[in-house]
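Visitor: model09.cif (mmCIF, C-alpha atoms) pasted underneath:
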```
data_start
#
loop_
_atom_site.label_atom_id
_atom_site.label_comp_id
_atom_site.auth_asym_id
_atom_site.auth_seq_id
_atom_site.Cartn_x
_atom_site.Cartn_y
_atom_site.Cartn_z
CA MET A 605 -24.78 39.54 7.92
CA ASN A 606 -21.60 37.42 8.23
CA ASP A 607 -21.64 33.68 9.02
CA ILE A 608 -18.94 32.32 11.30
CA SER A 609 -18.15 28.93 12.83
CA ALA A 610 -17.80 28.74 16.59
CA GLU A 611 -16.89 26.33 19.36
CA ASN A 612 -19.60 25.76 21.98
CA ALA A 613 -19.01 27.66 25.19
CA ALA A 614 -21.32 27.58 28.20
CA PRO A 615 -22.74 31.04 29.09
CA VAL A 616 -21.41 32.59 32.28
CA PRO A 617 -23.28 35.05 34.52
CA ASN A 618 -22.61 38.80 34.59
CA ALA A 619 -19.96 39.74 37.09
CA PRO A 620 -19.82 42.68 39.55
CA LEU A 621 -16.64 44.69 39.43
CA THR A 622 -16.52 45.91 43.05
CA ALA A 623 -14.15 43.25 44.28
CA ARG A 624 -11.70 43.82 41.41
CA ARG A 625 -11.74 47.58 41.88
CA GLY A 626 -11.10 47.11 45.60
CA LYS A 627 -8.10 44.92 44.86
CA ARG A 628 -6.78 47.51 42.42
CA ARG A 629 -6.99 50.34 45.00
CA TRP A 630 -5.22 48.18 47.59
CA GLY A 631 -2.49 47.38 45.04
CA ILE A 632 -1.99 51.07 44.22
CA ALA A 633 -1.68 52.00 47.91
CA THR A 634 0.84 49.24 48.55
CA ALA A 635 2.89 50.31 45.54
CA GLY A 636 2.83 53.90 46.79
CA VAL A 637 4.25 52.92 50.19
CA ALA A 638 6.99 50.90 48.55
CA LEU A 639 7.86 53.73 46.20
CA ALA A 640 8.02 56.24 49.08
CA ALA A 641 10.43 54.00 50.98
CA LEU A 642 12.60 53.62 47.92
CA VAL A 643 12.78 57.38 47.32
CA SER A 644 13.62 58.20 50.97
CA GLY A 645 16.29 55.52 51.27
CA PHE A 646 18.11 55.45 47.97
CA ALA A 647 16.63 57.17 44.97
CA VAL A 648 17.39 60.74 43.94
CA TRP A 649 15.33 62.10 41.06
CA ALA A 650 16.40 65.08 39.03
CA PRO A 651 14.50 66.96 36.32
CA GLY A 652 15.38 65.80 32.83
CA GLU A 653 16.10 62.17 33.78
CA GLU A 654 14.25 59.59 31.64
CA ASP A 655 11.20 57.87 33.09
CA GLN A 656 12.14 54.23 33.69
CA SER A 657 8.53 52.96 34.06
CA PRO A 658 7.35 50.51 31.36
CA PRO A 659 5.41 52.02 28.46
CA PRO A 660 1.63 51.59 28.56
CA LEU A 661 0.16 48.63 26.68
CA ALA A 662 -0.69 49.63 23.14
CA VAL A 663 -4.37 49.17 22.37
CA SER A 664 -6.77 49.65 19.51
CA THR A 665 -10.52 49.33 19.18
CA ALA A 666 -13.05 47.10 17.46
CA GLU A 667 -16.79 47.30 17.11
CA VAL A 668 -19.42 44.91 18.40
CA THR A 669 -20.80 43.26 15.24
CA ALA A 670 -24.20 41.68 14.60
CA GLY A 671 -24.29 38.45 12.61
CA SER A 672 -24.90 34.70 12.65
CA VAL A 673 -22.99 32.06 14.62
CA ALA A 674 -22.65 28.38 13.70
CA SER A 675 -21.74 26.43 16.81
CA GLU A 676 -18.69 24.24 16.46
CA THR A 677 -17.31 21.28 18.38
CA LYS A 678 -13.57 20.62 18.18
CA VAL A 679 -12.17 17.15 18.87
CA ALA A 680 -8.60 15.85 18.82
CA GLY A 681 -8.00 13.04 16.32
CA THR A 682 -5.27 11.01 14.65
CA VAL A 683 -4.35 10.33 11.02
CA GLN A 684 -4.45 6.57 10.39
CA TYR A 685 -4.21 4.18 7.49
CA ALA A 686 -7.71 3.14 6.46
CA SER A 687 -7.13 -0.61 6.79
CA THR A 688 -4.56 -3.20 7.84
CA VAL A 689 -4.06 -6.47 5.95
CA PRO A 690 -2.15 -9.47 7.37
CA ILE A 691 -0.07 -11.19 4.68
CA THR A 692 0.40 -14.92 5.20
CA SER A 693 2.34 -17.41 3.14
CA GLY A 694 0.44 -19.48 0.61
CA LEU A 695 3.37 -21.89 0.35
CA ALA A 696 5.45 -24.04 2.69
CA GLY A 697 9.20 -23.71 2.44
CA VAL A 698 12.03 -21.26 3.03
CA VAL A 699 11.39 -17.54 2.66
CA THR A 700 13.76 -16.22 -0.01
CA GLU A 701 12.42 -12.69 -0.50
CA LEU A 702 10.38 -10.19 1.49
CA PRO A 703 9.56 -6.57 0.61
CA ALA A 704 11.01 -3.77 2.71
CA PRO A 705 8.76 -1.68 5.00
CA GLY A 706 7.24 1.22 3.10
CA THR A 707 7.20 -0.65 -0.23
CA THR A 708 4.08 -0.14 -2.35
CA LEU A 709 2.57 -3.28 -3.86
CA GLY A 710 0.37 -3.06 -6.95
CA THR A 711 -0.78 -5.29 -9.78
CA GLY A 712 2.15 -7.48 -10.85
CA SER A 713 4.31 -6.80 -7.77
CA VAL A 714 6.17 -9.67 -6.11
CA ALA A 715 4.56 -9.96 -2.68
CA TYR A 716 7.19 -12.46 -1.46
CA ARG A 717 9.14 -15.56 -2.56
CA VAL A 718 9.26 -19.00 -0.98
CA ASP A 719 11.87 -21.44 -2.30
CA THR A 720 12.52 -18.73 -4.95
CA ARG A 721 8.95 -19.14 -6.28
CA PRO A 722 7.33 -15.70 -6.62
CA VAL A 723 3.87 -14.94 -5.25
CA ILE A 724 2.40 -12.15 -7.36
CA MET A 725 -0.16 -9.55 -6.30
CA LEU A 726 -3.15 -9.18 -8.61
CA SER A 727 -6.03 -6.73 -8.44
CA GLY A 728 -9.59 -7.82 -7.70
CA THR A 729 -12.33 -8.60 -5.22
CA VAL A 730 -12.84 -12.33 -5.90
CA PRO A 731 -10.58 -14.47 -3.68
CA ALA A 732 -8.34 -17.02 -5.40
CA TRP A 733 -10.27 -20.08 -4.25
CA ARG A 734 -9.19 -22.58 -6.94
CA ASP A 735 -6.39 -23.28 -9.41
CA PHE A 736 -6.67 -21.99 -12.99
CA SER A 737 -6.46 -24.40 -15.94
CA SER A 738 -8.14 -25.18 -19.25
CA ASP A 739 -10.49 -27.76 -17.69
CA MET A 740 -11.96 -25.41 -15.06
CA THR A 741 -15.59 -24.31 -15.10
CA ASP A 742 -16.60 -20.77 -15.97
CA GLY A 743 -16.53 -18.14 -13.27
CA GLU A 744 -15.92 -14.51 -12.34
CA ASP A 745 -12.49 -15.44 -11.03
CA VAL A 746 -11.52 -16.28 -14.63
CA ARG A 747 -12.70 -12.88 -15.83
CA GLN A 748 -10.73 -11.25 -13.02
CA LEU A 749 -7.56 -13.18 -14.02
CA GLU A 750 -7.92 -12.13 -17.67
CA GLN A 751 -8.43 -8.49 -16.63
CA ASN A 752 -5.14 -8.64 -14.75
CA LEU A 753 -3.36 -10.34 -17.64
CA ARG A 754 -4.57 -7.59 -19.95
CA ALA A 755 -3.34 -4.93 -17.47
CA LEU A 756 0.04 -6.71 -17.53
CA GLY A 757 0.10 -6.52 -21.34
CA VAL A 758 -0.10 -10.23 -22.17
CA PHE A 759 -3.83 -10.65 -22.94
CA SER A 760 -5.32 -8.78 -25.90
CA GLY A 761 -8.86 -10.14 -25.98
CA GLU A 762 -12.00 -9.06 -24.13
CA PRO A 763 -11.99 -10.62 -20.64
CA ASP A 764 -14.85 -13.03 -19.95
CA ASN A 765 -15.61 -15.84 -17.50
CA ARG A 766 -14.30 -18.68 -19.74
CA PHE A 767 -10.77 -20.11 -19.58
CA THR A 768 -9.81 -20.46 -23.26
CA TRP A 769 -6.73 -21.07 -25.36
CA ASP A 770 -6.12 -17.29 -25.32
CA THR A 771 -5.98 -17.47 -21.53
CA THR A 772 -3.42 -20.26 -21.70
CA VAL A 773 -1.25 -18.32 -24.16
CA ALA A 774 -1.41 -15.21 -21.98
CA LEU A 775 -0.42 -17.18 -18.87
CA ARG A 776 2.57 -18.68 -20.65
CA ALA A 777 3.74 -15.26 -21.79
CA TRP A 778 3.39 -13.90 -18.26
CA GLN A 779 5.22 -16.87 -16.74
CA LYS A 780 8.06 -16.34 -19.19
CA SER A 781 8.43 -12.72 -18.02
CA LEU A 782 8.58 -13.95 -14.40
CA GLY A 783 11.26 -16.51 -15.18
CA VAL A 784 9.18 -19.47 -14.02
CA GLU A 785 8.05 -22.64 -15.82
CA ARG A 786 5.62 -21.85 -18.67
CA THR A 787 2.79 -24.25 -17.87
CA GLY A 788 -0.19 -22.16 -19.02
CA THR A 789 -1.84 -22.96 -15.69
CA LEU A 790 -1.81 -21.06 -12.40
CA GLU A 791 -1.92 -22.34 -8.83
CA ARG A 792 -4.01 -20.20 -6.50
CA SER A 793 -1.17 -20.25 -3.96
CA MET A 794 0.96 -18.29 -6.44
CA ILE A 795 -1.18 -15.12 -6.38
CA LEU A 796 -2.31 -12.60 -3.78
CA ILE A 797 -5.59 -10.82 -4.55
CA SER A 798 -6.17 -7.27 -3.28
CA ASP A 799 -8.78 -4.66 -4.15
CA GLN A 800 -6.29 -1.80 -3.65
CA GLU A 801 -2.62 -0.98 -3.58
CA LEU A 802 -0.93 -2.02 -0.37
CA ARG A 803 1.87 -0.49 1.67
CA VAL A 804 4.22 -2.83 3.55
CA ASP A 805 4.11 -1.87 7.21
CA THR A 806 5.67 -4.30 9.71
CA VAL A 807 7.70 -7.34 8.59
CA GLU A 808 7.09 -10.27 10.94
CA SER A 809 9.21 -12.97 9.28
CA ARG A 810 12.69 -12.96 7.76
CA VAL A 811 14.55 -14.21 4.73
CA GLY A 812 15.75 -17.75 5.46
CA ALA A 813 12.88 -18.60 7.81
CA GLN A 814 11.15 -21.94 7.39
CA VAL A 815 7.42 -21.32 7.05
CA ASP A 816 4.26 -23.34 6.61
CA ALA A 817 1.27 -22.38 4.50
CA GLY A 818 -0.62 -19.81 6.57
CA SER A 819 2.45 -18.51 8.44
CA SER A 820 2.51 -14.75 9.03
CA LEU A 821 5.00 -12.87 6.85
CA TYR A 822 4.20 -9.19 7.32
CA ARG A 823 1.44 -6.68 7.85
CA ALA A 824 0.38 -4.30 5.11
CA THR A 825 -1.90 -1.29 5.11
CA SER A 826 -3.97 0.49 2.55
CA ARG A 827 -2.40 3.62 1.09
CA GLN A 828 -5.47 5.69 1.90
CA LEU A 829 -5.21 7.82 5.03
CA VAL A 830 -8.23 8.66 7.18
CA VAL A 831 -8.79 10.59 10.40
CA GLU A 832 -10.17 8.83 13.46
CA VAL A 833 -11.64 10.68 16.45
CA SER A 834 -13.57 9.78 19.58
CA VAL A 835 -16.52 12.11 20.18
CA LYS A 836 -18.00 12.47 23.65
CA SER A 837 -21.37 10.76 23.96
CA SER A 838 -22.89 14.14 24.86
CA ASP A 839 -21.74 15.48 21.47
CA ARG A 840 -22.99 12.49 19.49
CA GLN A 841 -25.47 14.63 17.54
CA VAL A 842 -22.67 16.55 15.76
CA ALA A 843 -21.41 13.39 14.02
CA ALA A 844 -23.67 12.21 11.21
CA VAL A 845 -22.53 10.04 8.31
CA GLY A 846 -22.00 12.24 5.27
CA GLY A 847 -21.49 15.39 7.33
CA ALA A 848 -18.75 17.83 6.40
CA VAL A 849 -15.92 18.64 8.82
CA THR A 850 -12.71 20.65 8.80
CA VAL A 851 -9.42 18.99 9.76
CA ALA A 852 -6.66 21.25 11.11
CA LEU A 853 -3.33 19.60 10.25
CA PRO A 854 0.01 19.95 12.08
CA THR A 855 1.42 21.48 8.89
CA GLY A 856 -0.63 24.61 9.60
CA VAL A 857 -3.19 24.07 6.83
CA SER A 858 -6.71 22.69 6.92
CA ALA A 859 -8.35 19.98 4.82
CA ASP A 860 -11.99 19.22 4.15
CA GLY A 861 -13.31 15.91 5.40
CA ILE A 862 -16.49 13.84 5.21
CA ILE A 863 -17.76 11.63 8.03
CA GLU A 864 -17.47 8.09 6.63
CA SER A 865 -18.76 6.07 9.57
CA VAL A 866 -19.98 6.41 13.15
CA ALA A 867 -19.47 3.34 15.35
CA ALA A 868 -21.34 2.24 18.45
CA PRO A 869 -20.37 3.94 21.73
CA VAL A 870 -17.46 2.37 23.61
CA ASN A 871 -15.89 2.77 27.04
CA LYS A 872 -12.54 4.55 26.76
CA PRO A 873 -10.05 5.03 29.66
CA ASP A 874 -9.32 8.68 30.43
CA ALA A 875 -5.89 9.93 29.35
CA ASP A 876 -5.03 11.37 32.78
CA GLY A 877 -4.14 7.94 34.17
CA SER A 878 -6.71 8.20 36.95
CA GLY A 879 -8.24 4.85 36.10
CA SER A 880 -11.60 6.40 35.25
CA SER A 881 -13.22 6.13 31.82
CA SER A 882 -15.74 7.84 29.57
CA ILE A 883 -18.28 6.75 26.99
CA VAL A 884 -17.16 7.92 23.54
CA VAL A 885 -18.33 7.43 19.95
CA PRO A 886 -15.62 6.42 17.41
CA VAL A 887 -15.89 8.42 14.17
CA ARG A 888 -13.97 7.88 10.93
CA ILE A 889 -13.40 10.75 8.49
CA THR A 890 -12.23 10.53 4.90
CA VAL A 891 -10.00 13.26 3.46
CA ALA A 892 -10.42 13.85 -0.27
CA ASP A 893 -7.09 15.66 -0.63
CA GLN A 894 -4.78 12.77 0.20
CA ALA A 895 -1.76 14.91 -0.71
CA ALA A 896 -2.57 17.16 2.27
CA VAL A 897 -2.22 14.26 4.73
CA ALA A 898 0.62 12.44 2.97
CA ASP A 899 3.42 11.56 5.42
CA LEU A 900 1.18 12.47 8.39
CA ALA A 901 0.29 8.93 9.51
CA LEU A 902 -0.14 8.78 13.31
CA SER A 903 0.00 12.59 13.53
CA GLY A 904 -2.41 14.45 15.79
CA VAL A 905 -5.03 16.73 14.21
CA THR A 906 -8.03 18.77 15.34
CA VAL A 907 -11.41 18.10 13.76
CA SER A 908 -14.12 20.80 13.76
CA PHE A 909 -17.72 19.59 13.62
CA ALA A 910 -20.25 22.23 12.57
CA GLY A 911 -23.40 22.58 14.67
CA ALA A 912 -26.57 24.63 14.75
CA VAL A 913 -26.66 28.17 13.34
CA ARG A 914 -27.85 31.01 15.56
CA ASP A 915 -28.88 34.27 13.91
CA ASP A 916 -28.79 37.85 15.16
CA VAL A 917 -26.05 37.53 17.76
CA LEU A 918 -23.36 40.03 18.73
CA THR A 919 -19.64 39.24 18.48
CA VAL A 920 -16.29 40.86 19.24
CA PRO A 921 -12.70 39.68 18.78
CA VAL A 922 -11.72 37.16 21.46
CA ASP A 923 -8.89 39.51 22.52
CA ALA A 924 -11.51 42.00 23.67
CA LEU A 925 -12.53 39.78 26.60
CA VAL A 926 -11.25 40.92 30.00
CA PRO A 927 -11.35 38.16 32.67
CA ILE A 928 -12.73 39.41 35.98
CA SER A 929 -12.85 36.01 37.64
CA ASP A 930 -12.26 32.38 36.71
CA THR A 931 -15.65 32.22 34.94
CA GLU A 932 -16.65 35.85 34.40
CA PHE A 933 -15.70 38.30 31.67
CA ALA A 934 -16.13 41.92 30.63
CA VAL A 935 -15.22 44.21 27.77
CA GLU A 936 -13.53 47.57 28.12
CA VAL A 937 -14.78 50.69 26.37
CA PRO A 938 -12.24 53.28 25.17
CA ARG A 939 -11.29 56.03 27.65
CA LYS A 940 -12.23 59.56 26.71
CA LYS A 941 -9.10 60.84 28.47
CA PRO A 942 -5.81 58.99 29.10
CA GLU A 943 -6.03 59.63 32.82
CA ALA A 944 -9.62 58.39 33.08
CA GLU A 945 -10.36 55.18 34.97
CA ARG A 946 -11.04 52.04 32.95
CA THR A 947 -14.70 51.32 32.22
CA LEU A 948 -15.53 47.61 32.11
CA ILE A 949 -18.89 46.24 31.02
CA PRO A 950 -19.69 42.72 32.26
CA VAL A 951 -20.81 40.35 29.48
CA THR A 952 -22.26 36.89 29.10
CA VAL A 953 -20.06 34.77 26.83
CA GLY A 954 -21.57 32.45 24.23
CA ALA A 955 -19.96 30.71 21.27
CA PHE A 956 -16.39 31.16 20.02
CA ALA A 957 -15.71 31.34 16.29
CA SER A 958 -12.62 31.96 14.17
CA GLY A 959 -11.12 34.52 16.55
CA LEU A 960 -14.53 35.97 17.50
CA VAL A 961 -16.73 35.39 20.53
CA GLU A 962 -20.45 35.85 21.05
CA ILE A 963 -21.31 38.25 23.88
CA SER A 964 -24.47 39.69 25.37
CA GLY A 965 -25.48 42.04 28.17
CA PRO A 966 -27.77 44.99 28.92
CA LYS A 967 -25.25 47.53 27.61
CA ILE A 968 -23.97 45.52 24.65
CA VAL A 969 -25.24 46.79 21.28
CA ALA A 970 -24.05 46.59 17.70
CA GLY A 971 -21.54 49.32 16.88
CA LEU A 972 -20.25 49.69 20.45
CA SER A 973 -16.46 50.27 20.43
CA VAL A 974 -14.39 48.03 22.68
CA VAL A 975 -10.68 47.91 23.45
CA VAL A 976 -8.48 45.17 21.98
CA PRO A 977 -4.67 44.82 22.15
CA ALA A 978 -2.95 46.55 19.24
CA ARG A 979 -1.59 44.15 16.60
#
```
Could you write out this structure as structure tokens?

Guide:
Amino acid sequence: MNDISAENAAPVPNAPLTARRGKRRWGIATAGVALAALVSGFAVWAPGEEDQSPPPLAVSTAEVTAGSVASETKVAGTVQYASTVPITSGLAGVVTELPAPGTTLGTGSVAYRVDTRPVIMLSGTVPAWRDFSSDMTDGEDVRQLEQNLRALGVFSGEPDNRFTWDTTVALRAWQKSLGVERTGTLERSMILISDQELRVDTVESRVGAQVDAGSSLYRATSRQLVVEVSVKSSDRQVAAVGGAVTVALPTGVSADGIIESVAAPVNKPDADGSGSSSIVVPVRITVADQAAVADLALSGVTVSFAGAVRDDVLTVPVDALVPISDTEFAVEVPRKKPEAERTLIPVTVGAFASGLVEISGPKIVAGLSVVVPAR
């Protein structure tokens, strides 16, 4: 028994074929009258001339298959950067250097310069809330500073929470490499602490601008890309934190994703511009294979949420469906003779899945051959 994923589709009732057959007979009669008029007025047919009518549609067959169906809900989403960080000046003065959009900032990078003084990005989670010097009290911010100094190759000891002579020596060596005064102390305004690499997004100031401490310089983002979707409130049950999803990318490949968070429902205006709105649930999805979504920021994607599994259902290729009205479908069984009339069997349509569709009906059984377009 084969498992397949499928998009939810509401069942539709069985459909009588009388009306369609009636329309077909009327169409054939009308065509016959037109053809007779054409022959009597203009056309002369002679034996041996080639038949100019279009060739019949090539078809093949497939069998109705029994198996299991996992319902699936598909939702449009967008690739986004996981977070946005506003970068403000820690100094007052004239901006003398700003990074270009798209620049990656990591440990030791110059975040910006004011009055030629560099502000350096360091890694960590403890904010720089005080200046660093030999007379400061112990603290985790000291350990964090020493960890960064070791990463920069100027501190050889084991980082701890005490500011010692080794810390002073390491600071002087680092300041020498930056081309600034070697004081062995560090003002908190001279460093920018971040727990991850940053990507410069939108520059909001300019070189030569006079700024105050706290003035906005630029906006940065994380380098991690996530997928954000808005699920209809009626489909809220398909989105559970930790659940696995499949993300279809515009590159033609798919990536696995995990539901990271599910926010509270919000009111979202409908995209048709009608002024109406719908209640939706914002969902964030992490993508483990970041290489798959690289360079796809702000691109549209399709996210497939797996649902409940239904066993012992019958499926055929989607191409086998023959529409007999706006909401009704049938399948065609192969003709025993080319000149025989088409035989259509009305079906109730269920879930769609990976090119297959669930069908049911009194005459639908496993192994039944149905017509599909030839590939």

Visitor: Residue by residue, what does the PyMOL selection byres ((chain A and resi 685) around 9) grab here? Present the result as a ChimeraX atom specification.

Guide: /A:683-684,686-688,825-831,901-902

Visitor: Tell me, as a PyMOL selection string, which residues lie within 10 Å of Ser838 in chain A, counting only C-alpha atoms; anything in the same chain fewer than 6 positions away does not count.

Guide: chain A and resi 883-885

Visitor: One decimal, in Å: what's the spacing between CA of Ser819 in chain A and CA of Asp745 in chain A?

Guide: 24.7 Å

Visitor: Can you list, as number ranges by chain, the residues that the PyMOL selection byres ((chain A and resi 771) around 9) selects here?

Guide: A: 737-738, 746, 749-750, 753, 759, 766-770, 772-776, 788

Visitor: The PyMOL selection byres ((chain A and resi 696) around 12) on the file shown: which residues, as a PyMOL selection string?

Guide: chain A and resi 692-695+697-700+717-721+793-794+813-821

Visitor: My list of candidates is A:Ser880, A:Ser664, A:Thr850, A:Ser809. Which is closest to Ala704 in chain A when distances are computed with all atoms listed in the file?

Guide: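 Going through A:Ser880, A:Ser664, A:Thr850, A:Ser809 one by one, the smallest distance to Ala704 in chain A is for A:Ser809.
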
Visitor: Fewer than 2 positions away in the same chain doesn't count, so skip those; otherwise give me all residues within 7 Å of range 962-970 of chain A, counting all atoms listed in the file, as a short mmCIF file (atom, residue, chain, number, x, y, z; two decimals) with C-alpha atoms, in the coordinates of the input.

Guide:
```
data_model
loop_
_atom_site.label_atom_id
_atom_site.label_comp_id
_atom_site.auth_asym_id
_atom_site.auth_seq_id
_atom_site.Cartn_x
_atom_site.Cartn_y
_atom_site.Cartn_z
CA VAL A 668 -19.42 44.91 18.40
CA THR A 669 -20.80 43.26 15.24
CA ALA A 670 -24.20 41.68 14.60
CA VAL A 917 -26.05 37.53 17.76
CA LEU A 918 -23.36 40.03 18.73
CA THR A 919 -19.64 39.24 18.48
CA VAL A 920 -16.29 40.86 19.24
CA VAL A 951 -20.81 40.35 29.48
CA THR A 952 -22.26 36.89 29.10
CA VAL A 953 -20.06 34.77 26.83
CA GLY A 954 -21.57 32.45 24.23
CA ALA A 955 -19.96 30.71 21.27
CA PHE A 956 -16.39 31.16 20.02
CA LEU A 960 -14.53 35.97 17.50
CA LEU A 972 -20.25 49.69 20.45
#
```

Visitor: How far is it from CA of Val897 in chain A to CA of Asp860 in chain A, in Å with one decimal?

Guide: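 So the two atoms, CA of Val897 in chain A and CA of Asp860 in chain A, lie 11.0 Å apart.
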
Visitor: In Å, rounded to a single decimal, give me how far CA of Val723 in chain A is from CA of Trp778 in chain A.

Guide: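 For CA of Trp778 in chain A relative to CA of Val723 in chain A, the distance reads 13.1 Å.
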
Visitor: Nearest residue to Val849 in chain A out of A:Val689, A:Leu726, A:Ala868, A:Val907, using all atoms listed in the file?

Guide: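 Going through A:Val689, A:Leu726, A:Ala868, A:Val907 one by one, the smallest distance to Val849 in chain A is for A:Val907.
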
Visitor: For range 678-694 of chain A, what centre and edge lengths in Å (one decimal) does the axis-aligned box get once 3 Å is added on each side of all its listed atoms, as AutoDock Vina command-line options?

Guide:
```
--center_x -5.6 --center_y 0.6 --center_z 9.7 --size_x 21.9 --size_y 46.1 --size_z 24.3
```

Visitor: Skip Glu864 in chain A itself and residues of its chain fewer than 2 positions away, then list as a ChimeraX atom specification all residues within 8 Å of it, counting only C-alpha atoms.

Guide: /A:845-846,862,866,887-890

Visitor: From the list A:Val935, A:Ile863, A:Ala715, A:Ala910, which residue is nearest Val922 in chain A when using all atoms listed in the file?

Guide: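 For Val922 in chain A, the nearest of the candidates is A:Val935.
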
Visitor: Taking all atoms listed in the file into account, name the residue in A:Lys678, A:Thr931, A:Ile797, A:Glu936 that is nearest to Pro731 in chain A.

Guide: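 Between A:Lys678, A:Thr931, A:Ile797, A:Glu936, the residue approaching Pro731 in chain A most closely is A:Ile797.
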
Visitor: Could you check which of A:Ala824, A:Asp799, A:Arg754, A:Tyr716 is closest to Ala777 in chain A, using only C-alpha atoms?

Guide: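 Looking at the shortest contact to Ala777 in chain A, the residue is A:Arg754.
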
Visitor: Just the residues within 7 Å of Val833 in chain A, please, counting all atoms listed in the file, with nothing from its chain fewer than 6 positions along; format it as a ChimeraX atom specification.

Guide: /A:679-682,886-888

Visitor: Pick out the closest residue to Val804 in chain A from this set: A:Val758, A:Ile949, A:Val673, A:Ile691. Count all atoms listed in the file.

Guide: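 Looking only at the distances to Val804 in chain A, the closest residue turns out to be A:Ile691.
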